[in-house]
$ cat upload_33.tsv   # TSV, C-alpha atoms
chain	number	residue	atom	x	y	z
A	1	MET	CA	169.90	-39.81	-90.91
A	2	LEU	CA	168.69	-43.26	-89.96
A	3	LYS	CA	169.80	-42.58	-86.38
A	4	ASN	CA	167.32	-39.71	-86.15
A	5	ALA	CA	164.59	-41.94	-87.58
A	6	HIS	CA	165.21	-44.54	-84.88
A	7	LEU	CA	165.24	-41.82	-82.21
A	8	ALA	CA	161.90	-40.68	-83.59
A	9	GLY	CA	160.66	-44.25	-83.21
A	10	ILE	CA	161.70	-44.32	-79.55
A	11	GLY	CA	160.13	-40.90	-79.04
A	12	PHE	CA	156.67	-41.75	-80.32
A	13	SER	CA	156.79	-45.06	-78.42
A	14	LEU	CA	157.35	-43.26	-75.11
A	15	ILE	CA	154.57	-40.77	-75.75
A	16	PHE	CA	152.07	-43.38	-76.95
A	17	GLY	CA	153.03	-45.63	-74.04
A	18	PHE	CA	151.44	-43.29	-71.52
A	19	SER	CA	148.52	-42.30	-73.75
A	20	TYR	CA	146.46	-45.42	-73.07
A	21	MET	CA	146.77	-44.98	-69.32
A	22	LEU	CA	145.77	-41.30	-69.56
A	23	SER	CA	142.88	-42.20	-71.85
A	24	LYS	CA	141.63	-44.55	-69.15
A	25	VAL	CA	141.85	-41.70	-66.61
A	26	ALA	CA	139.96	-39.29	-68.88
A	27	LEU	CA	137.21	-41.84	-69.59
A	28	GLU	CA	136.21	-41.63	-65.93
A	29	HIS	CA	134.95	-38.09	-66.66
A	30	ILE	CA	133.67	-38.18	-70.24
A	31	SER	CA	132.32	-40.45	-72.98
A	32	PRO	CA	134.70	-42.05	-75.49
A	33	MET	CA	133.48	-39.81	-78.35
A	34	GLY	CA	133.89	-36.71	-76.18
A	35	LEU	CA	137.47	-37.65	-75.36
A	36	ILE	CA	138.35	-38.17	-79.03
A	37	ALA	CA	136.72	-34.85	-79.96
A	38	TYR	CA	138.61	-32.81	-77.35
A	39	ARG	CA	141.86	-34.62	-78.09
A	40	TYR	CA	141.89	-33.71	-81.76
A	41	LEU	CA	140.51	-30.23	-81.12
A	42	MET	CA	143.51	-29.50	-78.88
A	43	ALA	CA	145.81	-31.16	-81.39
A	44	PHE	CA	144.60	-29.06	-84.28
A	45	PHE	CA	144.77	-25.82	-82.27
A	46	ALA	CA	148.36	-26.64	-81.34
A	47	ILE	CA	149.58	-27.43	-84.85
A	48	GLU	CA	147.60	-24.54	-86.37
A	49	MET	CA	149.18	-22.11	-83.89
A	50	LEU	CA	152.63	-23.39	-84.85
A	51	ARG	CA	151.73	-22.84	-88.51
A	52	LEU	CA	150.40	-19.31	-87.98
A	53	LEU	CA	153.47	-18.35	-85.94
A	54	LYS	CA	155.61	-19.74	-88.80
A	55	ILE	CA	157.39	-22.06	-86.38
A	56	ILE	CA	156.67	-24.96	-88.69
A	57	PRO	CA	155.98	-24.61	-92.43
A	58	ILE	CA	152.88	-26.39	-93.70
A	59	ASN	CA	152.35	-26.90	-97.43
A	60	LEU	CA	148.59	-26.57	-97.95
A	61	LYS	CA	148.99	-26.58	-101.73
A	62	ASN	CA	149.62	-30.32	-101.80
A	63	ARG	CA	146.12	-31.54	-102.54
A	64	ASN	CA	146.53	-35.22	-103.15
A	65	TYR	CA	143.01	-35.82	-101.90
A	66	LYS	CA	142.94	-39.55	-102.54
A	67	THR	CA	146.08	-40.15	-100.49
A	68	ILE	CA	145.02	-37.80	-97.70
A	69	ALA	CA	141.54	-39.36	-97.53
A	70	LEU	CA	143.00	-42.88	-97.24
A	71	ILE	CA	145.32	-41.86	-94.41
A	72	VAL	CA	142.79	-39.92	-92.29
A	73	LEU	CA	140.12	-42.59	-92.75
A	74	PHE	CA	142.23	-45.22	-91.01
A	75	GLN	CA	144.18	-42.84	-88.75
A	76	PRO	CA	142.79	-40.99	-86.89
A	77	ILE	CA	139.11	-41.70	-87.65
A	78	LEU	CA	138.65	-45.50	-87.58
A	79	TYR	CA	141.69	-46.18	-85.38
A	80	SER	CA	140.56	-43.68	-82.72
A	81	ILE	CA	136.97	-44.90	-82.65
A	82	PHE	CA	137.89	-48.58	-82.30
A	83	SER	CA	140.69	-48.01	-79.79
A	84	ILE	CA	138.93	-45.60	-77.43
A	85	TYR	CA	135.76	-47.70	-77.21
A	86	GLY	CA	137.91	-50.80	-76.78
A	87	ILE	CA	139.92	-49.23	-73.97
A	88	ASN	CA	136.65	-48.42	-72.22
A	89	LEU	CA	135.90	-52.15	-71.99
A	90	ILE	CA	139.29	-53.61	-71.01
A	91	ALA	CA	142.26	-52.69	-68.81
A	92	SER	CA	144.67	-50.17	-70.34
A	93	SER	CA	147.58	-52.59	-69.85
A	94	GLU	CA	145.71	-55.29	-71.78
A	95	ALA	CA	144.78	-52.89	-74.57
A	96	ILE	CA	148.33	-51.64	-74.91
A	97	MET	CA	149.64	-55.20	-75.24
A	98	MET	CA	147.60	-55.76	-78.38
A	99	ILE	CA	149.28	-52.78	-80.05
A	100	ALA	CA	152.27	-55.09	-80.57
A	101	LEU	CA	150.25	-56.80	-83.29
A	102	ILE	CA	150.70	-53.77	-85.56
A	103	PRO	CA	154.14	-54.83	-86.92
A	104	VAL	CA	152.73	-58.21	-87.89
A	105	PHE	CA	150.06	-56.62	-90.08
A	106	SER	CA	152.46	-53.88	-91.20
A	107	GLY	CA	155.01	-56.44	-92.32
A	108	ILE	CA	152.44	-58.34	-94.36
A	109	LEU	CA	150.92	-55.24	-95.96
A	110	GLY	CA	154.32	-53.59	-96.47
A	111	GLY	CA	155.59	-56.67	-98.27
A	112	ILE	CA	152.57	-56.73	-100.58
A	113	VAL	CA	152.08	-53.01	-101.22
A	114	LEU	CA	155.52	-51.44	-100.73
A	115	LYS	CA	157.72	-54.43	-101.59
A	116	GLU	CA	159.41	-54.01	-98.20
A	117	ALA	CA	159.26	-57.61	-97.07
A	118	PRO	CA	161.32	-58.09	-93.88
A	119	SER	CA	164.36	-60.37	-93.90
A	120	ILE	CA	164.23	-63.87	-92.42
A	121	ARG	CA	166.10	-62.59	-89.35
A	122	GLN	CA	163.66	-59.73	-88.89
A	123	ILE	CA	160.69	-62.08	-89.29
A	124	LEU	CA	162.16	-64.25	-86.53
A	125	PHE	CA	162.46	-61.32	-84.13
A	126	ILE	CA	158.98	-60.05	-85.05
A	127	LEU	CA	157.61	-63.49	-84.16
A	128	ILE	CA	159.54	-63.46	-80.86
A	129	SER	CA	158.03	-60.09	-80.02
A	130	PHE	CA	154.58	-61.22	-81.12
A	131	GLY	CA	155.05	-64.37	-79.05
A	132	GLY	CA	155.52	-62.20	-75.98
A	133	VAL	CA	152.14	-60.60	-76.58
A	134	VAL	CA	150.43	-63.96	-77.17
A	135	TYR	CA	152.01	-65.36	-74.01
A	136	ILE	CA	150.75	-62.45	-71.90
A	137	GLN	CA	147.29	-62.58	-73.45
A	138	THR	CA	147.03	-66.34	-72.91
A	139	SER	CA	148.26	-66.09	-69.33
A	140	LEU	CA	145.65	-63.44	-68.56
A	141	GLN	CA	142.97	-66.09	-69.01
A	142	THR	CA	144.22	-67.82	-65.83
A	143	VAL	CA	143.48	-64.81	-63.60
A	144	ASP	CA	140.38	-62.78	-62.83
A	145	SER	CA	139.87	-59.89	-65.24
A	146	PRO	CA	136.92	-57.49	-65.68
A	147	SER	CA	137.72	-57.07	-69.37
A	148	GLN	CA	135.01	-57.80	-71.94
A	149	PRO	CA	135.61	-59.77	-75.19
A	150	LEU	CA	134.09	-56.94	-77.25
A	151	GLY	CA	136.86	-54.68	-75.99
A	152	PHE	CA	139.55	-56.99	-77.34
A	153	LEU	CA	137.77	-57.18	-80.71
A	154	LEU	CA	137.58	-53.39	-80.97
A	155	VAL	CA	141.24	-52.96	-80.08
A	156	LEU	CA	142.15	-55.64	-82.64
A	157	LEU	CA	140.26	-53.67	-85.30
A	158	SER	CA	142.19	-50.55	-84.27
A	159	VAL	CA	145.44	-52.49	-84.66
A	160	MET	CA	144.48	-53.45	-88.20
A	161	CYS	CA	143.68	-49.81	-88.98
A	162	GLY	CA	147.04	-48.80	-87.51
A	163	ALA	CA	148.86	-51.21	-89.81
A	164	ILE	CA	147.01	-49.93	-92.89
A	165	TYR	CA	147.87	-46.38	-91.82
A	166	ASN	CA	151.57	-47.27	-91.43
A	167	VAL	CA	151.73	-48.54	-94.99
A	168	SER	CA	149.62	-45.68	-96.39
A	169	SER	CA	151.73	-43.03	-94.67
A	170	LYS	CA	154.93	-44.69	-95.86
A	171	SER	CA	153.63	-44.61	-99.42
A	172	ALA	CA	152.47	-40.99	-99.05
A	173	SER	CA	155.92	-39.92	-97.83
A	174	LYS	CA	157.13	-40.19	-101.43
A	175	THR	CA	155.09	-37.12	-102.38
A	176	MET	CA	154.23	-35.45	-99.05
A	177	ARG	CA	156.26	-34.31	-96.04
A	178	SER	CA	155.60	-35.90	-92.65
A	179	ILE	CA	154.55	-32.58	-91.06
A	180	ASP	CA	151.98	-31.98	-93.83
A	181	ILE	CA	150.51	-35.46	-93.30
A	182	THR	CA	150.29	-34.78	-89.57
A	183	TYR	CA	148.53	-31.45	-90.17
A	184	TYR	CA	145.82	-33.01	-92.34
A	185	MET	CA	145.32	-35.81	-89.81
A	186	MET	CA	144.75	-33.34	-86.98
A	187	PHE	CA	142.44	-31.13	-89.07
A	188	PHE	CA	140.14	-33.88	-90.26
A	189	GLY	CA	140.23	-35.60	-86.87
A	190	ALA	CA	139.11	-32.39	-85.11
A	191	LEU	CA	136.44	-31.65	-87.71
A	192	THR	CA	134.96	-35.15	-87.77
A	193	PHE	CA	134.89	-35.97	-84.07
A	194	ASN	CA	133.75	-32.56	-82.84
A	195	ILE	CA	130.81	-32.54	-85.24
A	196	LEU	CA	129.84	-36.03	-84.07
A	197	TYR	CA	130.25	-35.21	-80.37
A	198	PHE	CA	128.42	-31.87	-80.48
A	199	THR	CA	125.60	-33.44	-82.48
A	200	THR	CA	125.30	-36.11	-79.78
A	201	LEU	CA	125.12	-33.47	-77.02
A	202	VAL	CA	122.45	-31.54	-78.91
A	203	HIS	CA	120.46	-34.74	-79.34
A	204	GLN	CA	120.76	-35.35	-75.57
A	205	GLY	CA	119.68	-31.79	-74.83
A	206	THR	CA	122.98	-30.85	-73.15
A	207	PRO	CA	124.95	-28.77	-75.71
A	208	LEU	CA	126.46	-26.56	-72.97
A	209	ASP	CA	128.36	-29.60	-71.68
A	210	TYR	CA	130.70	-29.08	-74.63
A	211	LEU	CA	132.18	-26.05	-72.80
A	212	ILE	CA	131.49	-27.13	-69.22
A	213	ASN	CA	133.59	-30.29	-69.60
A	214	LEU	CA	136.70	-28.25	-70.36
A	215	GLY	CA	136.47	-26.65	-66.93
A	216	ASN	CA	137.18	-30.01	-65.29
A	217	LEU	CA	140.93	-30.01	-64.59
A	218	GLU	CA	140.97	-33.79	-64.03
A	219	LEU	CA	139.78	-34.12	-67.61
A	220	LEU	CA	141.70	-31.21	-69.12
A	221	ALA	CA	145.15	-32.47	-68.07
A	222	PRO	CA	144.96	-35.84	-69.90
A	223	VAL	CA	143.20	-34.16	-72.86
A	224	LEU	CA	146.11	-31.71	-73.26
A	225	TYR	CA	148.61	-34.58	-73.13
A	226	LEU	CA	146.63	-36.64	-75.63
A	227	GLY	CA	146.01	-33.67	-77.89
A	228	ILE	CA	149.40	-31.97	-77.98
A	229	LEU	CA	151.90	-34.75	-77.27
A	230	SER	CA	150.14	-37.95	-78.35
A	231	SER	CA	148.55	-36.41	-81.42
A	232	VAL	CA	150.82	-33.67	-82.75
A	233	ALA	CA	154.29	-34.53	-81.43
A	234	ALA	CA	153.99	-38.32	-81.53
A	235	PHE	CA	152.35	-38.45	-84.96
A	236	PHE	CA	154.96	-36.12	-86.39
A	237	LEU	CA	157.68	-38.43	-85.04
A	238	LEU	CA	155.82	-41.46	-86.37
A	239	ASN	CA	155.34	-39.95	-89.82
A	240	TYR	CA	159.00	-38.87	-89.87
A	241	ALA	CA	160.13	-42.38	-88.99
A	242	LEU	CA	157.86	-43.86	-91.66
A	243	SER	CA	159.39	-41.55	-94.26
A	244	LYS	CA	162.89	-42.89	-93.51
A	245	LEU	CA	162.44	-46.52	-92.47
A	246	PRO	CA	160.58	-49.58	-93.78
A	247	ALA	CA	157.03	-49.90	-92.43
A	248	HIS	CA	157.76	-53.16	-90.56
A	249	VAL	CA	160.75	-51.59	-88.76
A	250	VAL	CA	158.70	-48.60	-87.63
A	251	GLY	CA	155.88	-50.93	-86.66
A	252	ILE	CA	158.08	-52.92	-84.29
A	253	TYR	CA	158.57	-49.79	-82.17
A	254	ALA	CA	154.89	-50.16	-81.29
A	255	ASN	CA	155.94	-53.09	-79.13
A	256	LEU	CA	157.84	-50.69	-76.88
A	257	VAL	CA	154.52	-48.91	-76.41
A	258	THR	CA	153.22	-52.20	-75.02
A	259	VAL	CA	155.95	-52.48	-72.37
A	260	ILE	CA	155.64	-48.83	-71.32
A	261	GLY	CA	151.86	-49.08	-71.17
A	262	ILE	CA	151.90	-52.18	-68.98
A	263	PHE	CA	154.04	-50.57	-66.31
A	264	ALA	CA	152.26	-47.21	-66.54
A	265	GLY	CA	148.98	-49.00	-65.82
A	266	PHE	CA	150.58	-50.78	-62.87
A	267	PHE	CA	152.32	-47.85	-61.18
A	268	ILE	CA	149.72	-45.15	-61.87
A	269	LEU	CA	146.37	-46.94	-62.19
A	270	ASN	CA	147.22	-49.81	-59.80
A	271	GLU	CA	146.32	-52.39	-62.43
A	272	ASN	CA	147.45	-55.93	-61.64
A	273	LEU	CA	150.91	-56.95	-62.83
A	274	TYR	CA	151.86	-60.63	-62.83
A	275	TYR	CA	155.04	-62.61	-63.46
A	276	PHE	CA	153.99	-63.33	-67.04
A	277	HIS	CA	153.94	-59.60	-67.78
A	278	PHE	CA	157.69	-59.49	-67.08
A	279	ILE	CA	158.41	-62.59	-69.20
A	280	GLY	CA	156.27	-61.35	-72.07
A	281	SER	CA	157.73	-57.85	-71.89
A	282	GLY	CA	161.22	-59.34	-72.04
A	283	LEU	CA	160.34	-61.21	-75.24
A	284	ILE	CA	158.89	-58.01	-76.69
A	285	ILE	CA	162.04	-56.02	-75.97
A	286	ILE	CA	164.24	-58.75	-77.47
A	287	GLY	CA	162.08	-58.65	-80.59
A	288	VAL	CA	162.32	-54.87	-80.85
A	289	TYR	CA	166.09	-54.83	-80.48
A	290	GLY	CA	166.60	-57.72	-82.88
A	291	THR	CA	164.40	-56.23	-85.57
A	292	VAL	CA	165.88	-52.73	-85.61
A	293	SER	CA	169.47	-53.96	-85.25
A	294	SER	CA	169.23	-56.49	-88.09
A	295	LYS	CA	171.07	-55.63	-91.28
A	296	LYS	CA	168.79	-53.62	-93.55
A	297	PRO	CA	168.96	-53.05	-97.30
A	298	LYS	CA	170.24	-49.71	-98.54
A	299	MET	CA	167.55	-47.09	-98.93
A	300	LEU	CA	167.22	-43.71	-100.55
A	301	ILE	CA	166.95	-41.17	-97.77
A	302	LYS	CA	164.64	-38.27	-98.62
A	303	GLU	CA	165.29	-34.84	-97.15
A	304	ASP	CA	162.35	-33.87	-95.00
A	305	ILE	CA	161.37	-31.68	-92.12
$ encode --input "upload_33.tsv" --output "structure tokens"
Amino acid sequence: MLKNAHLAGIGFSLIFGFSYMLSKVALEHISPMGLIAYRYLMAFFAIEMLRLLKIIPINLKNRNYKTIALIVLFQPILYSIFSIYGINLIASSEAIMMIALIPVFSGILGGIVLKEAPSIRQILFILISFGGVVYIQTSLQTVDSPSQPLGFLLVLLSVMCGAIYNVSSKSASKTMRSIDITYYMMFFGALTFNILYFTTLVHQGTPLDYLINLGNLELLAPVLYLGILSSVAAFFLLNYALSKLPAHVVGIYANLVTVIGIFAGFFILNENLYYFHFIGSGLIIIGVYGTVSSKKPKMLIKEDI
């Protein structure tokens, strides 16, 4: 049902909304690469346990290597690297605002690759939502901010990777189930980042830190959230939504992540919140509502898990 797909969109938006704030907390205790490694390690353990207990069925016989490789390259590998290093250089609320650019790129790529060009009405609301982000970003230049330009560039690159992933996952949903896509993402994310992180620790002469870090409860709590909820649960919801809805419609839910992230950074991390955050967030919400409530063309709905 399309209703379930939209609920999935709201679900992954809520989870992702707090992930940037918790990433910022975790980065006070560990390097960006270490955080990514532990996040996907926890994520893979969680989804593998669910598979072994037969709680969720995973089809490991689907070996469309080209499709799988394209997805995992952009999400989680490139997206995670660009985003986590970017977050380390700018405020979490500022990083989360840029996530609203994903539907812009998703709409363009979806129209070219998937022939899912948004309607004129949807384009209008996407631009309203995007305008909210631009307004906030422009207004930030009038106040003091410790953020570095390189951080914004890295987050922008992660946004582009996120858009490519949205379109790739949507295309893959024709031959693969959303839970199978999620499983491969967690597996290759855990394998890639843990090899890179452990190699770095060995090079630094501190390989035991790989285990010692997990004894830090201030680090473990956000890692568990990022690994189990932000990686497994949220990506399953995202992949499910992408299998039922056009890429640009799913992408617009990313703008809700922006609003949630702004206020999470304010209330929990005491990051500054100005009047333009409220105005910009209002434009973002209007854009989200207008896009998903606009009349959509009929679609074939594929049974999935």
$ residues_around --input "upload_33.tsv" --residues "Ile36 in chain A" --least-positions-apart "4" --cutoff "9 Å" --atoms "all atoms listed in the file" --output "MDAnalysis selection string"
chainID A and resid 31:32 40:41 80:81 84 189:190 193:194 197 223 227
$ closest_residue --input "upload_33.tsv" --among "A:Ser106, A:Asn4, A:Ser158, A:Ser147" --to "Ala241 in chain A" --atoms "all atoms listed in the file"
A:Asn4
$ atom_distance --input "upload_33.tsv" --atom1 "CA of Asn59 in chain A" --atom2 "CA of Met42 in chain A"
20.7 Å
$ closest_residue --input "upload_33.tsv" --among "A:Val259, A:Leu140, A:Ile286, A:Met185" --to "Tyr274 in chain A" --atoms "all atoms listed in the file"
A:Leu140
$ atom_distance --input "upload_33.tsv" --atom1 "CA of Met21 in chain A" --atom2 "CA of Ala37 in chain A"
17.8 Å
$ closest_residue --input "upload_33.tsv" --among "A:Leu256, A:Ala221, A:Leu22, A:Met49" --to "Tyr289 in chain A" --atoms "only C-alpha atoms"
A:Leu256
$ atom_distance --input "upload_33.tsv" --atom1 "CA of Met160 in chain A" --atom2 "CA of Pro103 in chain A"
9.8 Å
$ closest_residue --input "upload_33.tsv" --among "A:Ile228, A:Ile164, A:Ala69, A:Leu27" --to "Arg39 in chain A" --atoms "only C-alpha atoms"
A:Ile228
$ residues_around --input "upload_33.tsv" --residues "range 125-139 of chain A" --least-positions-apart "5" --cutoff "8 Å" --atoms "all atoms listed in the file" --output "PyMOL selection string"
chain A and resi 94+97-98+100-101+103-104+252+255+276-277+279-288+290-291
$ closest_residue --input "upload_33.tsv" --among "A:Thr175, A:Ile123, A:Ile68, A:Val257" --to "Ala234 in chain A" --atoms "only C-alpha atoms"
A:Val257
$ closest_residue --input "upload_33.tsv" --among "A:Ile179, A:Val72, A:Leu35, A:Ile87" --to "Ile58 in chain A" --atoms "only C-alpha atoms"
A:Ile179
$ closest_atom_pairs --input "upload_33.tsv" --of "range 169-201 of chain A" --to "range 208-216 of chain A" --cutoff "12 Å" --atoms "only C-alpha atoms" --output "tab-separated table"
residue	atom	partner	partner_atom	distance
A:Asn194	CA	A:Tyr210	CA	9.4
A:Ile195	CA	A:Tyr210	CA	11.2
A:Leu196	CA	A:Tyr210	CA	11.8
A:Tyr197	CA	A:Tyr210	CA	8.4
A:Phe198	CA	A:Tyr210	CA	6.9
A:Thr199	CA	A:Tyr210	CA	10.3
A:Thr200	CA	A:Tyr210	CA	10.3
A:Leu201	CA	A:Asp209	CA	7.3
$ residues_around --input "upload_33.tsv" --residues "Ile71 in chain A" --least-positions-apart "4" --cutoff "7 Å" --atoms "all atoms listed in the file" --output "VMD selection string"
chain A and resid 67 75 165 168 to 169
$ residues_around --input "upload_33.tsv" --residues "Leu229 in chain A" --least-positions-apart "2" --cutoff "12 Å" --atoms "all atoms listed in the file" --output "ChimeraX atom specification"
/A:11-19,22,39-40,42-44,46-47,221-227,231-238
$ residues_around --input "upload_33.tsv" --residues "Pro246 in chain A" --least-positions-apart "3" --cutoff "8 Å" --atoms "all atoms listed in the file" --output "ChimeraX atom specification"
/A:110,116,170,242,249-250
$ build_atoms --input "upload_33.tsv" --residues "range 127-150 of chain A" --atoms "N, CA and C atoms" --output "mmCIF file, keeping the file's coordinate frame"
data_model
loop_
_atom_site.group_PDB
_atom_site.id
_atom_site.type_symbol
_atom_site.label_atom_id
_atom_site.label_comp_id
_atom_site.auth_asym_id
_atom_site.auth_seq_id
_atom_site.Cartn_x
_atom_site.Cartn_y
_atom_site.Cartn_z
ATOM 1 N N LEU A 127 158.371 -62.379 -84.739
ATOM 2 C CA LEU A 127 157.610 -63.490 -84.160
ATOM 3 C C LEU A 127 157.921 -63.646 -82.673
ATOM 4 N N ILE A 128 159.184 -63.403 -82.284
ATOM 5 C CA ILE A 128 159.540 -63.460 -80.860
ATOM 6 C C ILE A 128 158.768 -62.398 -80.094
ATOM 7 N N SER A 129 158.755 -61.193 -80.655
ATOM 8 C CA SER A 129 158.030 -60.090 -80.020
ATOM 9 C C SER A 129 156.540 -60.390 -79.961
ATOM 10 N N PHE A 130 156.000 -60.882 -81.067
ATOM 11 C CA PHE A 130 154.580 -61.220 -81.120
ATOM 12 C C PHE A 130 154.278 -62.347 -80.128
ATOM 13 N N GLY A 131 155.229 -63.272 -79.997
ATOM 14 C CA GLY A 131 155.050 -64.370 -79.050
ATOM 15 C C GLY A 131 154.921 -63.873 -77.622
ATOM 16 N N GLY A 132 155.635 -62.786 -77.304
ATOM 17 C CA GLY A 132 155.520 -62.200 -75.980
ATOM 18 C C GLY A 132 154.119 -61.688 -75.701
ATOM 19 N N VAL A 133 153.517 -61.100 -76.725
ATOM 20 C CA VAL A 133 152.140 -60.600 -76.580
ATOM 21 C C VAL A 133 151.161 -61.759 -76.408
ATOM 22 N N VAL A 134 151.315 -62.790 -77.244
ATOM 23 C CA VAL A 134 150.430 -63.960 -77.170
ATOM 24 C C VAL A 134 150.556 -64.634 -75.806
ATOM 25 N N TYR A 135 151.780 -64.731 -75.309
ATOM 26 C CA TYR A 135 152.010 -65.360 -74.010
ATOM 27 C C TYR A 135 151.291 -64.599 -72.897
ATOM 28 N N ILE A 136 151.416 -63.270 -72.914
ATOM 29 C CA ILE A 136 150.750 -62.450 -71.900
ATOM 30 C C ILE A 136 149.238 -62.602 -72.012
ATOM 31 N N GLN A 137 148.742 -62.512 -73.242
ATOM 32 C CA GLN A 137 147.290 -62.580 -73.450
ATOM 33 C C GLN A 137 146.738 -63.933 -73.011
ATOM 34 N N THR A 138 147.464 -64.998 -73.310
ATOM 35 C CA THR A 138 147.030 -66.340 -72.910
ATOM 36 C C THR A 138 147.067 -66.498 -71.394
ATOM 37 N N SER A 139 148.114 -65.985 -70.775
ATOM 38 C CA SER A 139 148.260 -66.090 -69.330
ATOM 39 C C SER A 139 147.188 -65.304 -68.586
ATOM 40 N N LEU A 140 146.694 -64.245 -69.195
ATOM 41 C CA LEU A 140 145.650 -63.440 -68.560
ATOM 42 C C LEU A 140 144.368 -64.241 -68.338
ATOM 43 N N GLN A 141 144.180 -65.286 -69.142
ATOM 44 C CA GLN A 141 142.970 -66.090 -69.010
ATOM 45 C C GLN A 141 142.963 -66.909 -67.722
ATOM 46 N N THR A 142 144.127 -67.025 -67.063
ATOM 47 C CA THR A 142 144.220 -67.820 -65.830
ATOM 48 C C THR A 142 143.948 -66.995 -64.590
ATOM 49 N N VAL A 143 143.734 -65.683 -64.747
ATOM 50 C CA VAL A 143 143.480 -64.810 -63.600
ATOM 51 C C VAL A 143 142.160 -64.073 -63.814
ATOM 52 N N ASP A 144 141.624 -63.537 -62.725
ATOM 53 C CA ASP A 144 140.380 -62.780 -62.830
ATOM 54 C C ASP A 144 140.624 -61.464 -63.537
ATOM 55 N N SER A 145 139.747 -61.139 -64.495
ATOM 56 C CA SER A 145 139.870 -59.890 -65.240
ATOM 57 C C SER A 145 138.480 -59.372 -65.589
ATOM 58 N N PRO A 146 138.231 -58.079 -65.366
ATOM 59 C CA PRO A 146 136.920 -57.490 -65.680
ATOM 60 C C PRO A 146 136.744 -57.163 -67.161
ATOM 61 N N SER A 147 137.761 -57.432 -67.953
ATOM 62 C CA SER A 147 137.720 -57.070 -69.370
ATOM 63 C C SER A 147 136.659 -57.858 -70.127
ATOM 64 N N GLN A 148 136.064 -57.201 -71.130
ATOM 65 C CA GLN A 148 135.010 -57.800 -71.940
ATOM 66 C C GLN A 148 135.552 -58.188 -73.313
ATOM 67 N N PRO A 149 135.126 -59.324 -73.870
ATOM 68 C CA PRO A 149 135.610 -59.770 -75.190
ATOM 69 C C PRO A 149 135.431 -58.725 -76.283
ATOM 70 N N LEU A 150 134.319 -57.967 -76.239
ATOM 71 C CA LEU A 150 134.090 -56.940 -77.250
ATOM 72 C C LEU A 150 135.214 -55.920 -77.260
#
